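entry.txt follows; it contains compact mmCIF, C-alpha atoms.
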```
# COMPACT_ATOMS: atom_id res chain seq x y z
CA MET A 1 110.24 52.59 170.96
CA LYS A 2 112.42 50.92 173.58
CA GLN A 3 113.68 47.45 172.72
CA SER A 4 113.41 44.48 175.08
CA LEU A 5 116.27 42.89 176.98
CA THR A 6 115.90 39.84 174.72
CA TYR A 7 116.54 42.09 171.71
CA TYR A 8 119.99 42.96 173.05
CA ILE A 9 120.64 39.32 173.96
CA THR A 10 119.78 38.34 170.39
CA LEU A 11 122.15 40.93 168.94
CA LEU A 12 124.88 39.64 171.24
CA VAL A 13 124.30 36.05 170.08
CA ILE A 14 124.40 37.19 166.43
CA LYS A 15 127.74 38.87 167.11
CA LEU A 16 129.20 35.92 169.03
CA LYS A 17 128.20 33.49 166.28
CA GLY A 18 130.08 35.65 163.78
CA ILE A 19 127.22 35.81 161.31
CA LYS A 20 128.25 39.18 159.88
CA ARG A 21 131.85 38.02 159.67
CA ASN A 22 130.70 35.00 157.67
CA PHE A 23 128.90 37.35 155.29
CA SER A 24 131.91 39.63 154.88
CA SER A 25 134.10 37.34 152.80
CA SER A 26 134.35 36.97 149.05
CA PRO A 27 134.08 34.30 147.91
CA ILE A 28 131.61 33.51 150.66
CA ASN A 29 132.43 30.33 152.60
CA PHE A 30 129.19 28.47 151.87
CA ASN A 31 130.43 25.23 153.44
CA LYS A 32 130.96 26.98 156.77
CA ILE A 33 127.51 28.59 156.64
CA ARG A 34 125.91 25.25 155.74
CA LYS A 35 127.04 23.81 159.07
CA GLU A 36 123.93 25.51 160.51
CA ASP A 37 121.63 23.64 158.09
CA VAL A 38 118.98 21.30 159.49
CA GLN A 39 117.57 19.07 156.75
CA GLN A 40 115.29 17.13 159.08
CA PRO A 41 114.42 18.29 162.62
CA SER A 42 114.62 15.74 165.42
CA SER A 43 112.39 17.19 168.14
CA SER A 44 109.38 15.26 169.44
CA PHE A 45 106.97 17.72 167.80
CA PHE A 46 108.29 16.95 164.34
CA LYS A 47 108.54 13.22 164.99
CA LYS A 48 104.82 13.32 165.74
CA ASN A 49 103.67 15.85 163.14
CA ILE A 50 105.74 15.26 160.01
CA LEU A 51 103.10 13.76 157.74
CA ARG A 52 105.47 12.74 154.97
CA THR A 53 108.65 13.65 153.12
CA PHE A 54 108.84 13.43 149.35
CA LYS A 55 110.70 14.80 146.35
CA ILE A 56 109.37 17.25 143.80
CA SER A 57 111.95 17.59 141.05
CA ASP A 58 115.23 18.10 142.96
CA SER A 59 113.60 19.56 146.09
CA LEU A 60 112.96 17.69 149.31
CA ILE A 61 109.53 18.55 150.69
CA THR A 62 108.74 17.98 154.35
CA GLU A 63 105.01 18.14 155.01
CA ILE A 64 104.09 19.15 158.54
CA GLY A 65 100.63 19.36 160.07
CA VAL A 66 98.77 18.53 163.25
CA ASN A 67 95.84 17.23 161.20
CA LYS A 68 96.17 15.14 158.04
CA SER A 69 92.82 16.33 156.71
CA TYR A 70 93.71 20.04 156.50
CA ASP A 71 92.96 21.46 153.05
CA ASN A 72 94.91 24.69 153.52
CA LEU A 73 98.54 24.63 152.42
CA LEU A 74 101.35 27.00 153.34
CA ILE A 75 104.41 26.67 151.10
CA PHE A 76 107.50 27.75 153.05
CA ILE A 77 110.40 28.92 150.87
CA HIS A 78 113.29 29.38 153.28
CA GLY A 79 116.13 31.87 153.08
CA GLY A 80 119.87 31.27 153.24
CA ALA A 81 121.42 33.44 150.52
CA PHE A 82 120.72 30.67 147.95
CA ILE A 83 123.68 28.74 149.40
CA SER A 84 122.27 27.22 152.61
CA GLY A 85 119.25 26.23 154.65
CA PRO A 86 116.84 25.42 156.01
CA ALA A 87 118.22 26.36 159.43
CA GLN A 88 116.88 25.73 162.92
CA HIS A 89 115.04 29.06 163.07
CA HIS A 90 113.03 28.04 160.00
CA TRP A 91 111.90 24.83 161.66
CA ASP A 92 111.09 26.69 164.89
CA THR A 93 108.90 29.04 162.86
CA VAL A 94 107.19 26.14 161.11
CA LYS A 95 106.48 24.52 164.48
CA GLU A 96 104.70 27.61 165.81
CA ILE A 97 102.68 28.05 162.62
CA ALA A 98 101.68 24.37 162.54
CA LYS A 99 100.59 24.39 166.18
CA LYS A 100 98.39 27.45 165.80
CA THR A 101 96.83 27.23 162.31
CA ASN A 102 94.71 24.84 160.28
CA TYR A 103 97.39 24.57 157.61
CA LYS A 104 99.62 21.86 156.31
CA ILE A 105 103.07 23.29 155.69
CA TRP A 106 105.55 22.31 153.02
CA MET A 107 109.12 23.10 153.99
CA CYS A 108 110.86 23.24 150.62
CA ASP A 109 114.52 22.30 150.64
CA TYR A 110 115.35 23.38 147.09
CA PRO A 111 118.70 23.03 145.23
CA LYS A 112 121.43 25.41 146.37
CA ALA A 113 124.21 27.42 144.78
CA PRO A 114 127.00 27.19 143.80
CA GLU A 115 126.23 23.62 142.71
CA ASN A 116 122.97 24.89 141.18
CA GLN A 117 122.03 28.23 139.65
CA ILE A 118 118.93 30.39 139.72
CA THR A 119 117.39 28.91 136.57
CA LYS A 120 117.29 25.40 138.03
CA ILE A 121 116.24 26.66 141.47
CA SER A 122 113.36 28.64 139.92
CA GLU A 123 112.27 25.66 137.85
CA ASN A 124 112.03 23.70 141.10
CA ILE A 125 109.86 26.38 142.71
CA ASP A 126 107.58 26.40 139.65
CA THR A 127 107.24 22.62 139.79
CA ILE A 128 106.46 22.68 143.51
CA TYR A 129 103.58 25.07 142.93
CA SER A 130 102.31 23.08 139.94
CA TYR A 131 102.27 19.96 142.11
CA ALA A 132 100.44 21.83 144.88
CA LEU A 133 97.75 22.93 142.42
CA LYS A 134 97.01 19.29 141.57
CA ASN A 135 95.93 18.64 145.15
CA HIS A 136 94.74 22.03 146.46
CA GLU A 137 92.62 24.89 145.22
CA ALA A 138 94.76 27.97 144.58
CA THR A 139 92.58 29.88 147.06
CA HIS A 140 93.71 27.42 149.75
CA ILE A 141 97.42 27.94 149.06
CA SER A 142 99.61 30.64 150.61
CA PHE A 143 103.35 31.28 150.49
CA ILE A 144 105.81 32.51 153.08
CA GLY A 145 109.41 33.30 152.19
CA ASP A 146 112.22 34.95 154.10
CA SER A 147 115.27 36.64 152.58
CA VAL A 148 115.98 34.86 149.27
CA GLY A 149 112.86 32.81 149.95
CA GLY A 150 111.13 36.14 149.40
CA THR A 151 113.08 36.55 146.15
CA LEU A 152 111.93 33.15 144.90
CA THR A 153 108.32 33.71 145.97
CA THR A 154 108.08 37.15 144.35
CA ALA A 155 109.68 35.99 141.10
CA LEU A 156 107.35 32.97 141.03
CA ILE A 157 104.30 35.23 141.25
CA GLN A 158 105.63 37.32 138.36
CA ARG A 159 105.99 34.18 136.23
CA LEU A 160 102.54 32.90 137.20
CA ILE A 161 100.94 36.19 136.15
CA LYS A 162 102.87 36.24 132.88
CA ASN A 163 101.80 32.66 132.12
CA LYS A 164 98.20 33.24 133.26
CA ILE A 165 98.36 30.58 135.98
CA GLU A 166 96.03 30.83 138.97
CA LEU A 167 97.65 32.65 141.88
CA PRO A 168 97.89 31.64 145.54
CA ALA A 169 95.64 33.42 148.01
CA LYS A 170 98.38 35.46 149.64
CA ILE A 171 102.11 35.80 150.06
CA ILE A 172 104.07 36.74 153.17
CA LEU A 173 107.53 38.17 152.51
CA VAL A 174 109.95 38.52 155.44
CA SER A 175 112.98 40.71 154.73
CA PRO A 176 112.87 39.77 151.04
CA VAL A 177 115.88 40.29 148.79
CA MET A 178 114.50 42.24 145.85
CA ASP A 179 117.70 43.18 143.99
CA ALA A 180 120.62 40.74 143.80
CA SER A 181 122.92 43.38 142.31
CA MET A 182 123.14 45.17 145.68
CA SER A 183 123.65 48.38 143.70
CA ASN A 184 121.39 50.64 145.80
CA PRO A 185 123.65 53.37 147.29
CA GLU A 186 121.63 53.34 150.53
CA ILE A 187 123.05 49.90 151.28
CA GLU A 188 126.44 51.42 152.12
CA THR A 189 124.91 53.49 154.93
CA LEU A 190 122.79 50.67 156.32
CA GLU A 191 125.70 48.21 156.31
CA LYS A 192 127.25 50.17 159.18
CA ILE A 193 124.30 49.36 161.46
CA ASP A 194 123.25 45.97 160.06
CA PRO A 195 124.32 43.45 162.74
CA MET A 196 123.93 40.41 160.50
CA LEU A 197 124.69 41.00 156.81
CA SER A 198 127.47 42.53 154.76
CA LYS A 199 127.21 43.52 151.11
CA THR A 200 130.46 41.72 150.21
CA GLY A 201 129.33 38.24 151.19
CA VAL A 202 125.75 38.65 150.05
CA LEU A 203 126.89 39.81 146.61
CA SER A 204 129.31 36.88 146.40
CA ALA A 205 126.47 34.44 147.10
CA LYS A 206 124.24 36.11 144.50
CA LYS A 207 126.97 35.84 141.85
CA MET A 208 127.35 32.13 142.65
CA CYS A 209 123.63 31.70 142.12
CA ALA A 210 123.17 33.89 139.05
CA GLY A 211 125.24 31.72 136.73
CA ASN A 212 125.02 33.27 133.26
CA LYS A 213 122.14 35.54 134.26
CA ASP A 214 122.61 39.26 134.80
CA LEU A 215 122.25 40.18 138.47
CA LYS A 216 119.41 42.53 137.51
CA ASP A 217 117.49 39.84 135.66
CA GLN A 218 114.07 39.63 137.30
CA ILE A 219 114.47 35.88 137.87
CA ILE A 220 116.92 36.74 140.67
CA SER A 221 116.04 40.44 141.13
CA PRO A 222 112.23 40.69 141.05
CA LEU A 223 112.43 44.43 141.71
CA TYR A 224 112.95 44.82 137.95
CA GLY A 225 109.87 42.78 137.10
CA ASP A 226 106.18 43.68 136.98
CA PHE A 227 104.00 43.80 140.11
CA GLU A 228 100.65 44.29 138.44
CA GLY A 229 98.09 41.70 139.46
CA PHE A 230 99.88 40.46 142.59
CA PRO A 231 97.82 38.64 145.21
CA GLN A 232 97.41 40.02 148.69
CA THR A 233 100.91 40.67 149.99
CA PHE A 234 102.26 41.10 153.51
CA LEU A 235 105.70 42.66 153.69
CA PHE A 236 107.72 42.39 156.91
CA LEU A 237 110.73 44.71 156.80
CA ALA A 238 113.64 45.35 159.15
CA GLN A 239 114.99 48.88 159.32
CA ASN A 240 118.54 47.82 160.29
CA ASP A 241 118.87 45.53 157.29
CA ILE A 242 120.80 46.13 154.07
CA MET A 243 117.84 44.59 152.21
CA TYR A 244 115.51 47.33 153.46
CA PRO A 245 116.02 49.99 150.72
CA ASP A 246 115.22 47.66 147.82
CA ALA A 247 112.24 46.17 149.63
CA LYS A 248 110.90 49.71 150.06
CA LEU A 249 111.30 50.26 146.31
CA ALA A 250 109.33 47.07 145.71
CA GLU A 251 106.64 48.35 148.06
CA ILE A 252 106.39 51.56 146.03
CA LYS A 253 105.99 49.55 142.82
CA MET A 254 103.32 47.38 144.38
CA ARG A 255 101.36 50.38 145.59
CA LYS A 256 101.58 52.01 142.15
CA ASN A 257 100.05 48.81 140.76
CA ASN A 258 97.27 48.83 143.36
CA VAL A 259 98.42 45.63 145.04
CA ASN A 260 96.55 44.86 148.26
CA ILE A 261 99.63 45.20 150.46
CA GLU A 262 100.25 45.56 154.16
CA VAL A 263 103.71 46.58 155.37
CA ILE A 264 105.01 45.92 158.88
CA GLU A 265 108.34 47.52 159.75
CA GLY A 266 110.57 46.53 162.63
CA ASN A 267 112.15 49.59 164.21
CA ASN A 268 115.89 48.93 164.77
CA MET A 269 115.30 45.28 163.84
CA PRO A 270 117.80 43.05 161.99
CA HIS A 271 117.27 40.89 158.92
CA ILE A 272 114.47 38.25 159.22
CA TRP A 273 113.67 39.47 162.73
CA PRO A 274 110.24 37.76 163.03
CA PHE A 275 112.01 34.37 162.85
CA LEU A 276 114.71 35.05 165.45
CA PRO A 277 114.27 32.89 168.57
CA VAL A 278 114.20 34.26 172.11
CA MET A 279 113.52 37.88 171.10
CA LYS A 280 110.25 39.21 172.51
CA GLU A 281 109.68 41.42 169.46
CA ALA A 282 110.08 38.41 167.19
CA LYS A 283 107.52 36.36 169.10
CA THR A 284 105.01 39.19 168.93
CA CYS A 285 105.58 39.58 165.21
CA LEU A 286 105.37 35.85 164.52
CA ASN A 287 102.00 35.81 166.27
CA SER A 288 100.90 38.53 163.85
CA ILE A 289 102.08 36.39 160.92
CA ILE A 290 100.14 33.44 162.32
CA GLN A 291 96.98 35.55 162.49
CA ILE A 292 97.53 36.59 158.86
CA ILE A 293 97.86 32.95 157.83
CA LYS A 294 94.72 31.96 159.75
CA THR A 295 92.58 34.74 158.30
CA ASN A 296 90.64 33.95 155.16
CA HIS A 297 91.94 36.40 152.55
CA ASN A 298 88.43 36.97 151.20
CA ASN A 299 87.39 38.45 154.52
CA ILE A 300 90.18 41.01 154.83
```
Could I get this structure in the form of structure tokens?
Amino acid sequence: MKQSLTYYITLLVIKLKGIKRNFSSSPINFNKIRKEDVQQPSSSFFKKNILRTFKISDSLITEIGVNKSYDNLLIFIHGGAFISGPAQHHWDTVKEIAKKTNYKIWMCDYPKAPENQITKISENIDTIYSYALKNHEATHISFIGDSVGGTLTTALIQRLIKNKIELPAKIILVSPVMDASMSNPEIETLEKIDPMLSKTGVLSAKKMCAGNKDLKDQIISPLYGDFEGFPQTFLFLAQNDIMYPDAKLAEIKMRKNNVNIEVIEGNNMPHIWPFLPVMKEAKTCLNSIIQIIKTNHNNI
């Protein structure tokens, strides 16, 4: 399938911004990458539609919605290699979702590595969900997570099942990182065509986050955990992404456990492609995500 002109423009911007170069160093320069962070957006849309900001544990939650009375909640766990974020493309995505759905959205700015490790980060994600359950029915809660946001979302679901806690209605995983060890041999081949990520920097960030945990511990590598009993799952994958092989392995495990899963693959697409601004393919895909969010899971 032929790509749009905006696809090639996006790849050029990725190259000019030096994103892959930033992810090719070890130790990764997290301070440089954090310069792209946007803790609080300043556009008129957010000034009008941020309902509140509040802390849950050590996480800053920004609640966005065009209607205060919405019962549905989308918990947004952003990516950023555990060391950064949220970035502008996360807020742009939130804006589109908020405008077109009957959901309140929680943008979760959780603690980052290397100052914090995966145990503390995961405890924050658990506490966020526990707090959400006090105010919303589980059937009215959904999650979306990109990159390591997908890691944190998947690992959360595994803990919820283990602890017999009611699950959210559905989860949407966008280019999720399923194995922090980066040990899949297929990664070496894909790295040559991945325009955004390099194994060296990604692995450095994962080591910063793991602390005293093994990189294959399911708390940071949910691929090695159990997928039985997962809620409805939507998996958005990019074929030109070093995270693709492990996400495919996770898909296989989910299907073996009869998870209600739908997989959408982006041909020749880079990491987190549905969230990339400007690109026509991204806008089309984000509209599909919005339709998924809007659709009652019981009717699918």
query: How many Å lie between CA of Ser204 (chain A) and CA of Ser25 (chain A), rounded to one decimal?
result: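 Those two atoms sit 8.0 Å apart.
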query: Please, what distance in Å, to one decimal, runs between CA of Gln158 (chain A) and CA of His271 (chain A)?
result: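 Separation between CA of Gln158 (chain A) and CA of His271 (chain A): 23.9 Å.
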message: Would you pick out the contacts of region 28-40 of chain A at 8 Å or less, using all atoms listed in the file, so that residues sharing its chain but fewer than 4 positions from it are not included, and give the list as a PyMOL selection string?
response: chain A and resi 22-24+83-88+109+201-202+204-205
Adding 6 Å on each side of the box along x, y and z that holds all listed atoms of region 277-291 of chain A, could you give its centre and edge lengths in Å to one decimal, as lines of an AutoDock Vina configuration file?
```
center_x = 105.6
center_y = 37.2
center_z = 166.7
size_x = 29.3
size_y = 20.5
size_z = 23.6
```
Within 8 Å of region 252-268 of chain A, which residues of region 198-247 of chain A come that close, and what is the closest atom pair and distance in Å for each? Count all atoms listed in the file and give it as a Markdown table.
```
| residue | atom | partner | partner_atom | distance |
| --- | --- | --- | --- | --- |
| A:Phe227 | CA | A:Met254 | CA | 5.6 |
| A:Glu228 | CA | A:Asn257 | CA | 5.1 |
| A:Gly229 | CA | A:Val259 | CA | 6.8 |
| A:Phe230 | CA | A:Val259 | CA | 5.9 |
| A:Pro231 | CA | A:Val259 | CA | 7.0 |
| A:Gln232 | CA | A:Asn260 | CA | 4.9 |
| A:Thr233 | CA | A:Ile261 | CA | 4.7 |
| A:Phe234 | CA | A:Glu262 | CA | 4.9 |
| A:Leu235 | CA | A:Val263 | CA | 4.7 |
| A:Phe236 | CA | A:Ile264 | CA | 4.9 |
| A:Leu237 | CA | A:Glu265 | CA | 4.7 |
| A:Ala238 | CA | A:Gly266 | CA | 4.8 |
| A:Gln239 | CA | A:Asn268 | CA | 5.5 |
| A:Asn240 | CA | A:Asn268 | CA | 5.3 |
```
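From CA of Ile172 (chain A) back to CA of Leu133 (chain A), the distance works out to 18.6 Å.
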- request: May I have the residues within 9 Å of Thr62 (chain A) as a PyMOL selection string, using all atoms listed in the file and disregarding those fewer than 5 positions away in the same chain?
  value: chain A and resi 40+50-55+105-109
Please work out which residues fall within 12 Å of (92.6, 32.7, 149.0), coordinates as given in the file, with all atoms listed in the file counting, and return them as a PDB file with C-alpha atoms, in the frame of the given file.
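Result file point.pdb:
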```
ATOM      1  CA  ASP A  71      92.960  21.460 153.050  1.00  0.00           C
ATOM      2  CA  ASN A  72      94.910  24.690 153.520  1.00  0.00           C
ATOM      3  CA  LEU A  73      98.540  24.630 152.420  1.00  0.00           C
ATOM      4  CA  LEU A  74     101.350  27.000 153.340  1.00  0.00           C
ATOM      5  CA  HIS A 136      94.740  22.030 146.460  1.00  0.00           C
ATOM      6  CA  GLU A 137      92.620  24.890 145.220  1.00  0.00           C
ATOM      7  CA  ALA A 138      94.760  27.970 144.580  1.00  0.00           C
ATOM      8  CA  THR A 139      92.580  29.880 147.060  1.00  0.00           C
ATOM      9  CA  HIS A 140      93.710  27.420 149.750  1.00  0.00           C
ATOM     10  CA  ILE A 141      97.420  27.940 149.060  1.00  0.00           C
ATOM     11  CA  SER A 142      99.610  30.640 150.610  1.00  0.00           C
ATOM     12  CA  PHE A 143     103.350  31.280 150.490  1.00  0.00           C
ATOM     13  CA  GLU A 166      96.030  30.830 138.970  1.00  0.00           C
ATOM     14  CA  LEU A 167      97.650  32.650 141.880  1.00  0.00           C
ATOM     15  CA  PRO A 168      97.890  31.640 145.540  1.00  0.00           C
ATOM     16  CA  ALA A 169      95.640  33.420 148.010  1.00  0.00           C
ATOM     17  CA  LYS A 170      98.380  35.460 149.640  1.00  0.00           C
ATOM     18  CA  ILE A 171     102.110  35.800 150.060  1.00  0.00           C
ATOM     19  CA  PRO A 231      97.820  38.640 145.210  1.00  0.00           C
ATOM     20  CA  GLN A 232      97.410  40.020 148.690  1.00  0.00           C
ATOM     21  CA  THR A 233     100.910  40.670 149.990  1.00  0.00           C
ATOM     22  CA  ILE A 292      97.530  36.590 158.860  1.00  0.00           C
ATOM     23  CA  ILE A 293      97.860  32.950 157.830  1.00  0.00           C
ATOM     24  CA  LYS A 294      94.720  31.960 159.750  1.00  0.00           C
ATOM     25  CA  THR A 295      92.580  34.740 158.300  1.00  0.00           C
ATOM     26  CA  ASN A 296      90.640  33.950 155.160  1.00  0.00           C
ATOM     27  CA  HIS A 297      91.940  36.400 152.550  1.00  0.00           C
ATOM     28  CA  ASN A 298      88.430  36.970 151.200  1.00  0.00           C
ATOM     29  CA  ASN A 299      87.390  38.450 154.520  1.00  0.00           C
ATOM     30  CA  ILE A 300      90.180  41.010 154.830  1.00  0.00           C
TER      31      ILE A 300
END
```
Residue neighbourhood Lys95 (chain A), 10 Å, all atoms listed in the file, exclusion window fewer than 5 positions, as a compact mmCIF listing (two decimals) with C-alpha atoms, in the coordinates of the input:
```
# COMPACT_ATOMS: atom_id res chain seq x y z
CA PHE A 45 106.97 17.72 167.80
CA PHE A 46 108.29 16.95 164.34
CA ASN A 49 103.67 15.85 163.14
CA ILE A 64 104.09 19.15 158.54
CA GLY A 65 100.63 19.36 160.07
CA VAL A 66 98.77 18.53 163.25
CA HIS A 89 115.04 29.06 163.07
CA HIS A 90 113.03 28.04 160.00
CA LYS A 100 98.39 27.45 165.80
CA ILE A 105 103.07 23.29 155.69
```
All residues 10 Å or closer to region 3-7 of chain A, all atoms listed in the file, same chain fewer than 6 positions away omitted, as number ranges by chain: A: 13, 267-270, 273, 276-282
Write out N, CA and C atoms for region 187-208 of chain A, as a PDB file, in the frame of the given file.
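In the end it all went to selection-v4.pdb:
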```pdb
ATOM      1  N   ILE A 187     122.522  51.087 150.608  1.00  0.00           N
ATOM      2  CA  ILE A 187     123.050  49.900 151.280  1.00  0.00           C
ATOM      3  C   ILE A 187     124.322  50.215 152.048  1.00  0.00           C
ATOM      4  N   GLU A 188     125.159  51.082 151.481  1.00  0.00           N
ATOM      5  CA  GLU A 188     126.440  51.420 152.120  1.00  0.00           C
ATOM      6  C   GLU A 188     126.213  52.022 153.505  1.00  0.00           C
ATOM      7  N   THR A 189     125.210  52.867 153.641  1.00  0.00           N
ATOM      8  CA  THR A 189     124.910  53.490 154.930  1.00  0.00           C
ATOM      9  C   THR A 189     124.360  52.472 155.916  1.00  0.00           C
ATOM     10  N   LEU A 190     123.431  51.630 155.441  1.00  0.00           N
ATOM     11  CA  LEU A 190     122.790  50.670 156.320  1.00  0.00           C
ATOM     12  C   LEU A 190     123.756  49.567 156.777  1.00  0.00           C
ATOM     13  N   GLU A 191     124.761  49.283 155.954  1.00  0.00           N
ATOM     14  CA  GLU A 191     125.700  48.210 156.310  1.00  0.00           C
ATOM     15  C   GLU A 191     126.400  48.509 157.630  1.00  0.00           C
ATOM     16  N   LYS A 192     126.566  49.777 157.946  1.00  0.00           N
ATOM     17  CA  LYS A 192     127.250  50.170 159.180  1.00  0.00           C
ATOM     18  C   LYS A 192     126.456  49.779 160.421  1.00  0.00           C
ATOM     19  N   ILE A 193     125.132  49.677 160.285  1.00  0.00           N
ATOM     20  CA  ILE A 193     124.300  49.360 161.460  1.00  0.00           C
ATOM     21  C   ILE A 193     123.646  47.983 161.354  1.00  0.00           C
ATOM     22  N   ASP A 194     123.796  47.316 160.218  1.00  0.00           N
ATOM     23  CA  ASP A 194     123.250  45.970 160.060  1.00  0.00           C
ATOM     24  C   ASP A 194     124.103  45.002 160.883  1.00  0.00           C
ATOM     25  N   PRO A 195     123.524  44.336 161.885  1.00  0.00           N
ATOM     26  CA  PRO A 195     124.320  43.450 162.740  1.00  0.00           C
ATOM     27  C   PRO A 195     124.563  42.067 162.142  1.00  0.00           C
ATOM     28  N   MET A 196     123.929  41.772 161.003  1.00  0.00           N
ATOM     29  CA  MET A 196     123.930  40.410 160.500  1.00  0.00           C
ATOM     30  C   MET A 196     124.572  40.258 159.124  1.00  0.00           C
ATOM     31  N   LEU A 197     124.289  41.184 158.203  1.00  0.00           N
ATOM     32  CA  LEU A 197     124.690  41.000 156.810  1.00  0.00           C
ATOM     33  C   LEU A 197     125.689  42.046 156.353  1.00  0.00           C
ATOM     34  N   SER A 198     126.523  41.637 155.413  1.00  0.00           N
ATOM     35  CA  SER A 198     127.470  42.530 154.760  1.00  0.00           C
ATOM     36  C   SER A 198     127.299  42.401 153.251  1.00  0.00           C
ATOM     37  N   LYS A 199     127.397  43.508 152.567  1.00  0.00           N
ATOM     38  CA  LYS A 199     127.210  43.520 151.110  1.00  0.00           C
ATOM     39  C   LYS A 199     128.185  42.567 150.409  1.00  0.00           C
ATOM     40  N   THR A 200     129.431  42.505 150.884  1.00  0.00           N
ATOM     41  CA  THR A 200     130.460  41.720 150.210  1.00  0.00           C
ATOM     42  C   THR A 200     130.066  40.248 150.086  1.00  0.00           C
ATOM     43  N   GLY A 201     129.685  39.644 151.202  1.00  0.00           N
ATOM     44  CA  GLY A 201     129.330  38.240 151.190  1.00  0.00           C
ATOM     45  C   GLY A 201     128.018  37.951 150.487  1.00  0.00           C
ATOM     46  N   VAL A 202     127.048  38.826 150.705  1.00  0.00           N
ATOM     47  CA  VAL A 202     125.750  38.650 150.050  1.00  0.00           C
ATOM     48  C   VAL A 202     125.915  38.698 148.538  1.00  0.00           C
ATOM     49  N   LEU A 203     126.680  39.670 148.055  1.00  0.00           N
ATOM     50  CA  LEU A 203     126.890  39.810 146.610  1.00  0.00           C
ATOM     51  C   LEU A 203     127.636  38.593 146.059  1.00  0.00           C
ATOM     52  N   SER A 204     128.588  38.079 146.829  1.00  0.00           N
ATOM     53  CA  SER A 204     129.310  36.880 146.400  1.00  0.00           C
ATOM     54  C   SER A 204     128.346  35.704 146.229  1.00  0.00           C
ATOM     55  N   ALA A 205     127.442  35.535 147.178  1.00  0.00           N
ATOM     56  CA  ALA A 205     126.470  34.440 147.100  1.00  0.00           C
ATOM     57  C   ALA A 205     125.550  34.608 145.896  1.00  0.00           C
ATOM     58  N   LYS A 206     125.139  35.854 145.635  1.00  0.00           N
ATOM     59  CA  LYS A 206     124.240  36.110 144.500  1.00  0.00           C
ATOM     60  C   LYS A 206     124.939  35.798 143.169  1.00  0.00           C
ATOM     61  N   LYS A 207     126.222  36.130 143.082  1.00  0.00           N
ATOM     62  CA  LYS A 207     126.970  35.840 141.850  1.00  0.00           C
ATOM     63  C   LYS A 207     127.093  34.333 141.651  1.00  0.00           C
ATOM     64  N   MET A 208     127.286  33.595 142.739  1.00  0.00           N
ATOM     65  CA  MET A 208     127.350  32.130 142.650  1.00  0.00           C
ATOM     66  C   MET A 208     126.047  31.564 142.108  1.00  0.00           C
TER      67      MET A 208
END
```
